[in-house]
Amino acid sequence: MCLAFVRGLCESVFFVKPIANLKRVIPMRQRIWILAALVTSLTGAMFAQKDSVSASLALTPPMGFNTWNKFGCDVSDELVRTMADAMVKSGMKDAGYQYIVIDDCWQVSRDTKGNIVADSQRFPSGIKALADYVHSLGLKFGIYSDAGSKTCAGRPGGRGHEFQDALQYAAWDVDYLKYDWCNTTTQDAQASYALIREALDASGRPIVLSICEWGKAKPWLWGKDVGGNLWRTTEDITDNWEGPVKWSDGTCCAPGMLGILDLQVGLESYAGPGHWNDPDMLEVGNGGMTTAEYRSHFSLWAILAAPLMAGNDLRSMTPEIHDILTNKEVIAVDQDALGREGRRVWKDGDLEVWAKQQQDGSRAAVLLNRGKSEQKISLKWEQIGYPGHLPATVRDLWLHKELGRFSGEFSAAVAPHGVVMVTVRP
Ligand code: GLA
């Protein structure tokens with residue numbers, strides 16, 4: 001029946017004469033093969049098309065703001081609108097930030113038909129009106145749910161409602177979905193995220209899928225294949241230079257910013273345009289680290305080609321924090337179109353060099369001093385794949401200054417808990 005359908009389709013639409021002639025010149029068995037090949041290529045084209053929906057999103061690491069790190073469950077229509085306003089007024093939008101994402105706690109229940117219900121006290125004009133407002137500023141709108149029965153804050157999760165929720169998100173004009181992993185009991189991670197991607201695609205709206213599974217089932221191995229655009233590689237970041245630190249509920253222990261950095265080593269090859277390792281959202285500006293430490297945090301996330309999701313109050317940033325988050329030279333490293341994730345190319349105790357290849361053949365590098373006193377760190381050309389004799393221009397991305405031409409290596413004094421971030425251009 002299937003073959004008859006395809007043959008009918010061919011004869012009626014494309015090949016009326018040719019198919020009739022084929023009967024005369026090509027034996028039955030070969031005709032069946034030709035039809036089978038046709039069916040295969042048609043279905044292949046359908047799947048390639050589906051793949052390309054998610055693969056065409058987030059070609060550079062997503063940049064935006066997410067409510068969780070600073071506001072937790074204290075989310076509201078007003079908070080999101082004012083944060084979107086601040087993203088524009090502060091120049092962050094011009095610097096490349098795009099997504100405004102409401103994390104957990106916007107949802108309270110499901111109605112009798114199973115539709116997800118937003119908190120009407122906190123979002124009195126509804127989610128669609130809020131998304132429209134964010135879009136009116138030229139920004140994109142993101143939302144949060146969970147693959148399990150409940151979100152991490154105990155709100156209704158997505159399990160069993162994937163297609164219904166995806167249609168709702170599309171009707172609200174959602175551009176980005178962060179999908180968490182709490183209360184998933186025995187669910188299979190890969191299958192759960194494949195299902196929500198399928199549902200999102202079926203909604204007809206291109207929606208970035210942010211897999212938030214904390215690295216438990218190694219999502220870097222399968223995240224791209226299930227249509228994820230980014231996947232968390234670790235548990236939650238906390239606003240500390242270095243772990244281990246106790247979680248807010250007193251249990252042990254959060255890795256801290258540097259602990260998360262260490263967990264990225266070896267994951268570099270899994271990232272690329274449309275699919276990124278996500279070492280979690282930024283803590284820059286939340287008060288737990290010094291300005292130098294936040295500068296290091298931001299530089300390291302940029303060299304990692306990490307998503308840059310600000311997690312601070314954009315309405316009340318100090319000039320120092322503003323200058324960190326809007327440093328266009330550092331952001332350009334994160335957003336480089338080649339999409340290579342940087343890697344640690346050298347380590348000696350507290351001193352490290354991280355480097356990232358860029359599209360124009362240049363390298364970006366971070367010289368990191370994890371220690372408590374100033375130290376000299378050398379970046380050697382052999383660490384970044386250049387021959388030692390090659391002269392190259394070194395530019396400091398925080399001083400916004402050319403430092404000169406160097407051959408073989410470049411050395412700098414690096415402040416405690418600080419970085420020197422440079423590009424090296426032959
Ligand atoms: C988990 C996630 C966080 C945040 C909270 C919300 O802990 O990893 O990023 O979304 O849930 O409850």
# chains A, B, ... in the order shown; residues from 1 in each chain; ligands from 1
$ select_by_dssp --residues "region 57-274 of chain A" --states "strand (DSSP E)" --output "PDB file with all heavy atoms, in the first residue's frame"
ATOM      1  N   MET A  63      23.180  34.135  25.165  1.00  0.00           N
ATOM      2  CA  MET A  63      23.478  35.185  26.146  1.00  0.00           C
ATOM      3  C   MET A  63      22.160  35.780  26.621  1.00  0.00           C
ATOM      4  O   MET A  63      21.256  36.003  25.819  1.00  0.00           O
ATOM      5  CB  MET A  63      24.311  36.295  25.504  1.00  0.00           C
ATOM      6  CG  MET A  63      25.694  35.855  25.062  1.00  0.00           C
ATOM      7  SD  MET A  63      26.561  37.181  24.195  1.00  0.00           S
ATOM      8  CE  MET A  63      26.738  38.418  25.491  1.00  0.00           C
ATOM      9  N   GLY A  64      22.064  36.042  27.911  1.00  0.00           N
ATOM     10  CA  GLY A  64      20.826  36.622  28.412  1.00  0.00           C
ATOM     11  C   GLY A  64      20.861  36.814  29.911  1.00  0.00           C
ATOM     12  O   GLY A  64      21.933  36.983  30.514  1.00  0.00           O
ATOM     13  N   PHE A  65      19.671  36.767  30.491  1.00  0.00           N
ATOM     14  CA  PHE A  65      19.506  36.927  31.940  1.00  0.00           C
ATOM     15  C   PHE A  65      18.541  35.848  32.403  1.00  0.00           C
ATOM     16  O   PHE A  65      17.563  35.540  31.724  1.00  0.00           O
ATOM     17  CB  PHE A  65      18.929  38.311  32.265  1.00  0.00           C
ATOM     18  CG  PHE A  65      18.355  38.385  33.652  1.00  0.00           C
ATOM     19  CD1 PHE A  65      19.183  38.581  34.748  1.00  0.00           C
ATOM     20  CD2 PHE A  65      16.984  38.214  33.868  1.00  0.00           C
ATOM     21  CE1 PHE A  65      18.660  38.606  36.034  1.00  0.00           C
ATOM     22  CE2 PHE A  65      16.458  38.239  35.154  1.00  0.00           C
ATOM     23  CZ  PHE A  65      17.291  38.428  36.236  1.00  0.00           C
ATOM     24  N   ASN A  66      18.805  35.279  33.572  1.00  0.00           N
ATOM     25  CA  ASN A  66      17.913  34.282  34.175  1.00  0.00           C
ATOM     26  C   ASN A  66      17.672  34.695  35.628  1.00  0.00           C
ATOM     27  O   ASN A  66      18.579  35.158  36.324  1.00  0.00           O
ATOM     28  CB  ASN A  66      18.559  32.886  34.091  1.00  0.00           C
ATOM     29  CG  ASN A  66      17.759  31.825  34.812  1.00  0.00           C
ATOM     30  OD1 ASN A  66      17.548  31.896  36.027  1.00  0.00           O
ATOM     31  ND2 ASN A  66      17.313  30.814  34.097  1.00  0.00           N
ATOM     32  N   TYR A  99      18.316  36.809  25.655  1.00  0.00           N
ATOM     33  CA  TYR A  99      17.216  36.070  26.268  1.00  0.00           C
ATOM     34  C   TYR A  99      16.930  36.571  27.680  1.00  0.00           C
ATOM     35  O   TYR A  99      17.847  36.771  28.468  1.00  0.00           O
ATOM     36  CB  TYR A  99      17.551  34.570  26.352  1.00  0.00           C
ATOM     37  CG  TYR A  99      17.681  33.930  24.999  1.00  0.00           C
ATOM     38  CD1 TYR A  99      18.933  33.775  24.402  1.00  0.00           C
ATOM     39  CD2 TYR A  99      16.552  33.507  24.297  1.00  0.00           C
ATOM     40  CE1 TYR A  99      19.058  33.202  23.143  1.00  0.00           C
ATOM     41  CE2 TYR A  99      16.674  32.932  23.034  1.00  0.00           C
ATOM     42  CZ  TYR A  99      17.932  32.783  22.462  1.00  0.00           C
ATOM     43  OH  TYR A  99      18.046  32.224  21.222  1.00  0.00           O
ATOM     44  N   ILE A 100      15.633  36.745  27.978  1.00  0.00           N
ATOM     45  CA  ILE A 100      15.202  37.003  29.346  1.00  0.00           C
ATOM     46  C   ILE A 100      14.454  35.744  29.768  1.00  0.00           C
ATOM     47  O   ILE A 100      13.402  35.424  29.199  1.00  0.00           O
ATOM     48  CB  ILE A 100      14.241  38.218  29.409  1.00  0.00           C
ATOM     49  CG1 ILE A 100      14.927  39.489  28.895  1.00  0.00           C
ATOM     50  CG2 ILE A 100      13.667  38.398  30.791  1.00  0.00           C
ATOM     51  CD1 ILE A 100      15.838  40.172  29.879  1.00  0.00           C
ATOM     52  N   VAL A 101      14.995  35.021  30.737  1.00  0.00           N
ATOM     53  CA  VAL A 101      14.437  33.706  31.086  1.00  0.00           C
ATOM     54  C   VAL A 101      13.881  33.719  32.517  1.00  0.00           C
ATOM     55  O   VAL A 101      14.595  34.064  33.463  1.00  0.00           O
ATOM     56  CB  VAL A 101      15.516  32.600  30.964  1.00  0.00           C
ATOM     57  CG1 VAL A 101      14.928  31.229  31.285  1.00  0.00           C
ATOM     58  CG2 VAL A 101      16.130  32.590  29.564  1.00  0.00           C
ATOM     59  N   GLN A 107       4.891  28.993  37.801  1.00  0.00           N
ATOM     60  CA  GLN A 107       3.719  28.143  37.596  1.00  0.00           C
ATOM     61  C   GLN A 107       3.178  27.667  38.952  1.00  0.00           C
ATOM     62  O   GLN A 107       3.946  27.460  39.884  1.00  0.00           O
ATOM     63  CB  GLN A 107       4.050  26.975  36.665  1.00  0.00           C
ATOM     64  CG  GLN A 107       5.073  25.951  37.143  1.00  0.00           C
ATOM     65  CD  GLN A 107       6.510  26.391  37.149  1.00  0.00           C
ATOM     66  OE1 GLN A 107       6.858  27.240  37.961  1.00  0.00           O
ATOM     67  NE2 GLN A 107       7.338  25.815  36.315  1.00  0.00           N
ATOM     68  N   VAL A 108       1.855  27.519  39.050  1.00  0.00           N
ATOM     69  CA  VAL A 108       1.295  27.091  40.348  1.00  0.00           C
ATOM     70  C   VAL A 108       0.525  25.776  40.295  1.00  0.00           C
ATOM     71  O   VAL A 108       0.462  25.058  41.283  1.00  0.00           O
ATOM     72  CB  VAL A 108       0.368  28.168  40.966  1.00  0.00           C
ATOM     73  CG1 VAL A 108       1.175  29.276  41.603  1.00  0.00           C
ATOM     74  CG2 VAL A 108      -0.622  28.724  39.962  1.00  0.00           C
ATOM     75  N   SER A 109      -0.100  25.480  39.149  1.00  0.00           N
ATOM     76  CA  SER A 109      -0.951  24.281  39.112  1.00  0.00           C
ATOM     77  C   SER A 109      -1.243  23.905  37.656  1.00  0.00           C
ATOM     78  O   SER A 109      -0.708  24.537  36.741  1.00  0.00           O
ATOM     79  CB  SER A 109      -2.277  24.567  39.830  1.00  0.00           C
ATOM     80  OG  SER A 109      -2.916  25.666  39.200  1.00  0.00           O
ATOM     81  N   ARG A 110      -2.107  22.903  37.509  1.00  0.00           N
ATOM     82  CA  ARG A 110      -2.671  22.591  36.193  1.00  0.00           C
ATOM     83  C   ARG A 110      -4.187  22.702  36.296  1.00  0.00           C
ATOM     84  O   ARG A 110      -4.760  22.393  37.348  1.00  0.00           O
ATOM     85  CB  ARG A 110      -2.273  21.189  35.735  1.00  0.00           C
ATOM     86  CG  ARG A 110      -0.797  21.098  35.373  1.00  0.00           C
ATOM     87  CD  ARG A 110      -0.423  19.837  34.633  1.00  0.00           C
ATOM     88  NE  ARG A 110       1.010  19.858  34.354  1.00  0.00           N
ATOM     89  CZ  ARG A 110       1.567  20.411  33.274  1.00  0.00           C
ATOM     90  NH1 ARG A 110       0.797  20.952  32.342  1.00  0.00           N
ATOM     91  NH2 ARG A 110       2.862  20.422  33.119  1.00  0.00           N
ATOM     92  N   ILE A 116      -0.975  24.004  31.968  1.00  0.00           N
ATOM     93  CA  ILE A 116      -0.165  24.609  33.008  1.00  0.00           C
ATOM     94  C   ILE A 116      -0.714  26.013  33.319  1.00  0.00           C
ATOM     95  O   ILE A 116      -1.102  26.760  32.423  1.00  0.00           O
ATOM     96  CB  ILE A 116       1.333  24.650  32.600  1.00  0.00           C
ATOM     97  CG1 ILE A 116       2.221  25.025  33.763  1.00  0.00           C
ATOM     98  CG2 ILE A 116       1.577  25.561  31.409  1.00  0.00           C
ATOM     99  CD1 ILE A 116       2.440  23.938  34.766  1.00  0.00           C
ATOM    100  N   VAL A 117      -0.767  26.330  34.626  1.00  0.00           N
ATOM    101  CA  VAL A 117      -1.356  27.608  35.051  1.00  0.00           C
ATOM    102  C   VAL A 117      -0.277  28.463  35.707  1.00  0.00           C
ATOM    103  O   VAL A 117       0.400  28.029  36.644  1.00  0.00           O
ATOM    104  CB  VAL A 117      -2.508  27.352  36.055  1.00  0.00           C
ATOM    105  CG1 VAL A 117      -3.079  28.669  36.566  1.00  0.00           C
ATOM    106  CG2 VAL A 117      -3.602  26.509  35.409  1.00  0.00           C
ATOM    107  N   ALA A 118      -0.131  29.685  35.197  1.00  0.00           N
ATOM    108  CA  ALA A 118       0.849  30.611  35.770  1.00  0.00           C
ATOM    109  C   ALA A 118       0.274  31.244  37.031  1.00  0.00           C
ATOM    110  O   ALA A 118      -0.949  31.335  37.200  1.00  0.00           O
ATOM    111  CB  ALA A 118       1.187  31.693  34.759  1.00  0.00           C
ATOM    112  N   LYS A 140      14.471  38.257  23.444  1.00  0.00           N
ATOM    113  CA  LYS A 140      13.774  36.975  23.337  1.00  0.00           C
ATOM    114  C   LYS A 140      13.361  36.496  24.720  1.00  0.00           C
ATOM    115  O   LYS A 140      13.951  36.909  25.724  1.00  0.00           O
ATOM    116  CB  LYS A 140      14.653  35.957  22.628  1.00  0.00           C
ATOM    117  CG  LYS A 140      14.876  36.368  21.183  1.00  0.00           C
ATOM    118  CD  LYS A 140      15.507  35.283  20.361  1.00  0.00           C
ATOM    119  CE  LYS A 140      15.391  35.669  18.892  1.00  0.00           C
ATOM    120  NZ  LYS A 140      16.038  34.716  18.029  1.00  0.00           N
ATOM    121  N   PHE A 141      12.372  35.597  24.733  1.00  0.00           N
ATOM    122  CA  PHE A 141      11.727  35.238  25.992  1.00  0.00           C
ATOM    123  C   PHE A 141      11.893  33.754  26.299  1.00  0.00           C
ATOM    124  O   PHE A 141      11.628  32.896  25.448  1.00  0.00           O
ATOM    125  CB  PHE A 141      10.244  35.590  25.873  1.00  0.00           C
ATOM    126  CG  PHE A 141       9.458  35.294  27.116  1.00  0.00           C
ATOM    127  CD1 PHE A 141       9.589  36.077  28.245  1.00  0.00           C
ATOM    128  CD2 PHE A 141       8.584  34.209  27.139  1.00  0.00           C
ATOM    129  CE1 PHE A 141       8.866  35.796  29.398  1.00  0.00           C
ATOM    130  CE2 PHE A 141       7.853  33.924  28.291  1.00  0.00           C
ATOM    131  CZ  PHE A 141       8.001  34.720  29.421  1.00  0.00           C
ATOM    132  N   GLY A 142      12.319  33.450  27.534  1.00  0.00           N
ATOM    133  CA  GLY A 142      12.520  32.058  27.914  1.00  0.00           C
ATOM    134  C   GLY A 142      11.759  31.692  29.176  1.00  0.00           C
ATOM    135  O   GLY A 142      11.407  32.546  29.999  1.00  0.00           O
ATOM    136  N   ILE A 143      11.521  30.407  29.325  1.00  0.00           N
ATOM    137  CA  ILE A 143      10.744  29.910  30.454  1.00  0.00           C
ATOM    138  C   ILE A 143      11.377  28.611  30.948  1.00  0.00           C
ATOM    139  O   ILE A 143      12.267  28.065  30.305  1.00  0.00           O
ATOM    140  CB  ILE A 143       9.264  29.755  30.012  1.00  0.00           C
ATOM    141  CG1 ILE A 143       8.327  30.058  31.162  1.00  0.00           C
ATOM    142  CG2 ILE A 143       9.006  28.400  29.374  1.00  0.00           C
ATOM    143  CD1 ILE A 143       6.926  30.361  30.692  1.00  0.00           C
ATOM    144  N   TYR A 144      10.873  28.101  32.070  1.00  0.00           N
ATOM    145  CA  TYR A 144      11.485  26.948  32.749  1.00  0.00           C
ATOM    146  C   TYR A 144      10.434  25.895  33.048  1.00  0.00           C
ATOM    147  O   TYR A 144       9.303  26.205  33.428  1.00  0.00           O
ATOM    148  CB  TYR A 144      12.098  27.456  34.059  1.00  0.00           C
ATOM    149  CG  TYR A 144      12.401  26.403  35.108  1.00  0.00           C
ATOM    150  CD1 TYR A 144      13.695  25.932  35.302  1.00  0.00           C
ATOM    151  CD2 TYR A 144      11.394  25.893  35.931  1.00  0.00           C
ATOM    152  CE1 TYR A 144      13.983  24.984  36.280  1.00  0.00           C
ATOM    153  CE2 TYR A 144      11.666  24.939  36.906  1.00  0.00           C
ATOM    154  CZ  TYR A 144      12.960  24.493  37.073  1.00  0.00           C
ATOM    155  OH  TYR A 144      13.233  23.557  38.041  1.00  0.00           O
ATOM    156  N   SER A 145      10.824  24.623  32.895  1.00  0.00           N
ATOM    157  CA  SER A 145      10.009  23.532  33.413  1.00  0.00           C
ATOM    158  C   SER A 145      10.951  22.380  33.764  1.00  0.00           C
ATOM    159  O   SER A 145      12.166  22.577  33.846  1.00  0.00           O
ATOM    160  CB  SER A 145       8.933  23.109  32.418  1.00  0.00           C
ATOM    161  OG  SER A 145       8.066  22.163  33.037  1.00  0.00           O
ATOM    162  N   ASP A 146      10.387  21.226  33.956  1.00  0.00           N
ATOM    163  CA  ASP A 146      11.158  20.111  34.506  1.00  0.00           C
ATOM    164  C   ASP A 146      10.657  18.811  33.873  1.00  0.00           C
ATOM    165  O   ASP A 146       9.454  18.640  33.656  1.00  0.00           O
ATOM    166  CB  ASP A 146      10.944  20.093  36.024  1.00  0.00           C
ATOM    167  CG  ASP A 146      11.807  19.074  36.749  1.00  0.00           C
ATOM    168  OD1 ASP A 146      11.557  17.851  36.601  1.00  0.00           O
ATOM    169  OD2 ASP A 146      12.712  19.501  37.487  1.00  0.00           O
ATOM    170  N   TYR A 176      12.808  29.965  24.329  1.00  0.00           N
ATOM    171  CA  TYR A 176      13.901  29.252  25.028  1.00  0.00           C
ATOM    172  C   TYR A 176      13.272  28.493  26.189  1.00  0.00           C
ATOM    173  O   TYR A 176      12.468  29.065  26.945  1.00  0.00           O
ATOM    174  CB  TYR A 176      14.866  30.318  25.525  1.00  0.00           C
ATOM    175  CG  TYR A 176      16.108  29.890  26.283  1.00  0.00           C
ATOM    176  CD1 TYR A 176      17.370  30.075  25.715  1.00  0.00           C
ATOM    177  CD2 TYR A 176      16.054  29.377  27.580  1.00  0.00           C
ATOM    178  CE1 TYR A 176      18.528  29.753  26.405  1.00  0.00           C
ATOM    179  CE2 TYR A 176      17.201  29.043  28.274  1.00  0.00           C
ATOM    180  CZ  TYR A 176      18.443  29.244  27.681  1.00  0.00           C
ATOM    181  OH  TYR A 176      19.595  28.931  28.371  1.00  0.00           O
ATOM    182  N   LEU A 177      13.593  27.219  26.312  1.00  0.00           N
ATOM    183  CA  LEU A 177      13.073  26.428  27.438  1.00  0.00           C
ATOM    184  C   LEU A 177      14.220  25.810  28.209  1.00  0.00           C
ATOM    185  O   LEU A 177      15.026  25.052  27.650  1.00  0.00           O
ATOM    186  CB  LEU A 177      12.154  25.309  26.924  1.00  0.00           C
ATOM    187  CG  LEU A 177      11.663  24.350  28.016  1.00  0.00           C
ATOM    188  CD1 LEU A 177      10.708  25.049  28.985  1.00  0.00           C
ATOM    189  CD2 LEU A 177      10.990  23.114  27.406  1.00  0.00           C
ATOM    190  N   LYS A 178      14.295  26.138  29.493  1.00  0.00           N
ATOM    191  CA  LYS A 178      15.239  25.444  30.385  1.00  0.00           C
ATOM    192  C   LYS A 178      14.468  24.301  31.019  1.00  0.00           C
ATOM    193  O   LYS A 178      13.409  24.521  31.626  1.00  0.00           O
ATOM    194  CB  LYS A 178      15.769  26.420  31.446  1.00  0.00           C
ATOM    195  CG  LYS A 178      16.622  25.755  32.517  1.00  0.00           C
ATOM    196  CD  LYS A 178      17.230  26.784  33.461  1.00  0.00           C
ATOM    197  CE  LYS A 178      17.854  26.140  34.686  1.00  0.00           C
ATOM    198  NZ  LYS A 178      18.394  27.140  35.626  1.00  0.00           N
ATOM    199  N   TYR A 179      14.989  23.068  30.880  1.00  0.00           N
ATOM    200  CA  TYR A 179      14.229  21.892  31.310  1.00  0.00           C
ATOM    201  C   TYR A 179      15.041  21.138  32.354  1.00  0.00           C
ATOM    202  O   TYR A 179      16.065  20.529  32.064  1.00  0.00           O
ATOM    203  CB  TYR A 179      13.952  21.020  30.080  1.00  0.00           C
ATOM    204  CG  TYR A 179      12.619  20.304  30.119  1.00  0.00           C
ATOM    205  CD1 TYR A 179      11.436  20.990  30.389  1.00  0.00           C
ATOM    206  CD2 TYR A 179      12.543  18.946  29.860  1.00  0.00           C
ATOM    207  CE1 TYR A 179      10.217  20.328  30.408  1.00  0.00           C
ATOM    208  CE2 TYR A 179      11.318  18.278  29.871  1.00  0.00           C
ATOM    209  CZ  TYR A 179      10.160  18.979  30.143  1.00  0.00           C
ATOM    210  OH  TYR A 179       8.949  18.333  30.159  1.00  0.00           O
ATOM    211  N   ASP A 180      14.549  21.167  33.584  1.00  0.00           N
ATOM    212  CA  ASP A 180      15.281  20.690  34.755  1.00  0.00           C
ATOM    213  C   ASP A 180      15.089  19.181  34.958  1.00  0.00           C
ATOM    214  O   ASP A 180      14.365  18.520  34.210  1.00  0.00           O
ATOM    215  CB  ASP A 180      14.807  21.498  35.978  1.00  0.00           C
ATOM    216  CG  ASP A 180      15.934  21.777  36.951  1.00  0.00           C
ATOM    217  OD1 ASP A 180      16.915  21.024  36.971  1.00  0.00           O
ATOM    218  OD2 ASP A 180      15.810  22.753  37.730  1.00  0.00           O
ATOM    219  N   VAL A 208      14.873  27.169  21.653  1.00  0.00           N
ATOM    220  CA  VAL A 208      16.154  26.683  22.178  1.00  0.00           C
ATOM    221  C   VAL A 208      15.868  25.749  23.359  1.00  0.00           C
ATOM    222  O   VAL A 208      15.044  26.080  24.222  1.00  0.00           O
ATOM    223  CB  VAL A 208      17.030  27.874  22.647  1.00  0.00           C
ATOM    224  CG1 VAL A 208      18.247  27.396  23.427  1.00  0.00           C
ATOM    225  CG2 VAL A 208      17.451  28.732  21.452  1.00  0.00           C
ATOM    226  N   LEU A 209      16.517  24.586  23.378  1.00  0.00           N
ATOM    227  CA  LEU A 209      16.339  23.655  24.499  1.00  0.00           C
ATOM    228  C   LEU A 209      17.592  23.633  25.365  1.00  0.00           C
ATOM    229  O   LEU A 209      18.665  23.220  24.920  1.00  0.00           O
ATOM    230  CB  LEU A 209      16.029  22.241  23.983  1.00  0.00           C
ATOM    231  CG  LEU A 209      15.946  21.152  25.074  1.00  0.00           C
ATOM    232  CD1 LEU A 209      14.857  21.476  26.106  1.00  0.00           C
ATOM    233  CD2 LEU A 209      15.692  19.779  24.462  1.00  0.00           C
ATOM    234  N   SER A 210      17.420  24.081  26.609  1.00  0.00           N
ATOM    235  CA  SER A 210      18.506  24.100  27.592  1.00  0.00           C
ATOM    236  C   SER A 210      18.310  22.923  28.540  1.00  0.00           C
ATOM    237  O   SER A 210      17.389  22.905  29.359  1.00  0.00           O
ATOM    238  CB  SER A 210      18.450  25.446  28.328  1.00  0.00           C
ATOM    239  OG  SER A 210      19.131  25.398  29.542  1.00  0.00           O
ATOM    240  N   ILE A 211      19.160  21.904  28.381  1.00  0.00           N
ATOM    241  CA  ILE A 211      19.073  20.685  29.192  1.00  0.00           C
ATOM    242  C   ILE A 211      19.725  20.966  30.541  1.00  0.00           C
ATOM    243  O   ILE A 211      20.894  21.345  30.606  1.00  0.00           O
ATOM    244  CB  ILE A 211      19.785  19.520  28.477  1.00  0.00           C
ATOM    245  CG1 ILE A 211      19.059  19.186  27.168  1.00  0.00           C
ATOM    246  CG2 ILE A 211      19.911  18.301  29.392  1.00  0.00           C
ATOM    247  CD1 ILE A 211      19.738  18.090  26.333  1.00  0.00           C
ATOM    248  N   LEU A 230      22.077  23.316  24.642  1.00  0.00           N
ATOM    249  CA  LEU A 230      23.072  23.464  25.699  1.00  0.00           C
ATOM    250  C   LEU A 230      22.698  22.495  26.804  1.00  0.00           C
ATOM    251  O   LEU A 230      21.535  22.108  26.913  1.00  0.00           O
ATOM    252  CB  LEU A 230      23.146  24.898  26.229  1.00  0.00           C
ATOM    253  CG  LEU A 230      21.880  25.567  26.772  1.00  0.00           C
ATOM    254  CD1 LEU A 230      22.257  26.668  27.757  1.00  0.00           C
ATOM    255  CD2 LEU A 230      21.038  26.163  25.673  1.00  0.00           C
ATOM    256  N   TRP A 231      23.695  22.069  27.546  1.00  0.00           N
ATOM    257  CA  TRP A 231      23.419  21.128  28.635  1.00  0.00           C
ATOM    258  C   TRP A 231      24.327  21.452  29.794  1.00  0.00           C
ATOM    259  O   TRP A 231      25.520  21.659  29.642  1.00  0.00           O
ATOM    260  CB  TRP A 231      23.629  19.676  28.199  1.00  0.00           C
ATOM    261  CG  TRP A 231      24.900  19.468  27.450  1.00  0.00           C
ATOM    262  CD1 TRP A 231      26.154  19.313  27.982  1.00  0.00           C
ATOM    263  CD2 TRP A 231      25.067  19.433  26.030  1.00  0.00           C
ATOM    264  NE1 TRP A 231      27.076  19.176  26.991  1.00  0.00           N
ATOM    265  CE2 TRP A 231      26.447  19.256  25.777  1.00  0.00           C
ATOM    266  CE3 TRP A 231      24.182  19.543  24.951  1.00  0.00           C
ATOM    267  CZ2 TRP A 231      26.953  19.186  24.489  1.00  0.00           C
ATOM    268  CZ3 TRP A 231      24.705  19.467  23.670  1.00  0.00           C
ATOM    269  CH2 TRP A 231      26.063  19.282  23.453  1.00  0.00           C
ATOM    270  N   ARG A 232      23.709  21.504  30.966  1.00  0.00           N
ATOM    271  CA  ARG A 232      24.475  21.712  32.191  1.00  0.00           C
ATOM    272  C   ARG A 232      25.433  20.538  32.374  1.00  0.00           C
ATOM    273  O   ARG A 232      25.062  19.377  32.185  1.00  0.00           O
ATOM    274  CB  ARG A 232      23.519  21.830  33.377  1.00  0.00           C
ATOM    275  CG  ARG A 232      22.846  23.199  33.471  1.00  0.00           C
ATOM    276  CD  ARG A 232      23.705  24.178  34.245  1.00  0.00           C
ATOM    277  NE  ARG A 232      23.856  23.652  35.589  1.00  0.00           N
ATOM    278  CZ  ARG A 232      22.937  23.835  36.552  1.00  0.00           C
ATOM    279  NH1 ARG A 232      21.867  24.539  36.321  1.00  0.00           N
ATOM    280  NH2 ARG A 232      23.134  23.320  37.743  1.00  0.00           N
TER     281      ARG A 232
END
$ closest_atom_pairs --of "chain A" --to "ligand 1" --cutoff "6 Å" --atoms "only C-alpha atoms and all ligand atoms" --output "Markdown table"
| residue | atom | partner | partner_atom_place_in_ligand_line | distance |
| --- | --- | --- | --- | --- |
| A:Trp68 | CA | ligand 1 | 4 (C) | 6.0 |
| A:Asp103 | CA | ligand 1 | 10 (O) | 5.7 |
| A:Asp104 | CA | ligand 1 | 6 (C) | 4.8 |
| A:Cys152 | CA | ligand 1 | 12 (O) | 4.1 |
| A:Ala153 | CA | ligand 1 | 12 (O) | 4.6 |
| A:Asp236 | CA | ligand 1 | 8 (O) | 5.1 |
$ atom_distance --atom1 "CA of Arg370 (chain A)" --atom2 "CA of Arg405 (chain A)"
27.1 Å
$ residues_around --residues "region 355-365 of chain A" --least-positions-apart "5" --cutoff "9 Å" --atoms "only C-alpha atoms" --output "MDAnalysis selection string"
chainID A and resid 303:305 333 336:345 379 383:384 420:426
$ residues_around --residues "Asn229 (chain A)" --least-positions-apart "4" --cutoff "12 Å" --atoms "only C-alpha atoms" --output "PyMOL selection string"
chain A and resi 51-62+176-179+193-194+197+206-212+219-220+222-225+270-278+306-307
$ closest_residue --among "A:Gly204, A:Gly148, A:Gly96, A:Gly228" --to "Asp173 (chain A)" --atoms "only C-alpha atoms"
A:Gly204
$ residues_around --residues "Met92 (chain A)" --least-positions-apart "4" --cutoff "12 Å" --atoms "only C-alpha atoms" --output "PyMOL selection string"
chain A and resi 63-65+83-88+96-100+139+308-310+314-315+317+321-328+331
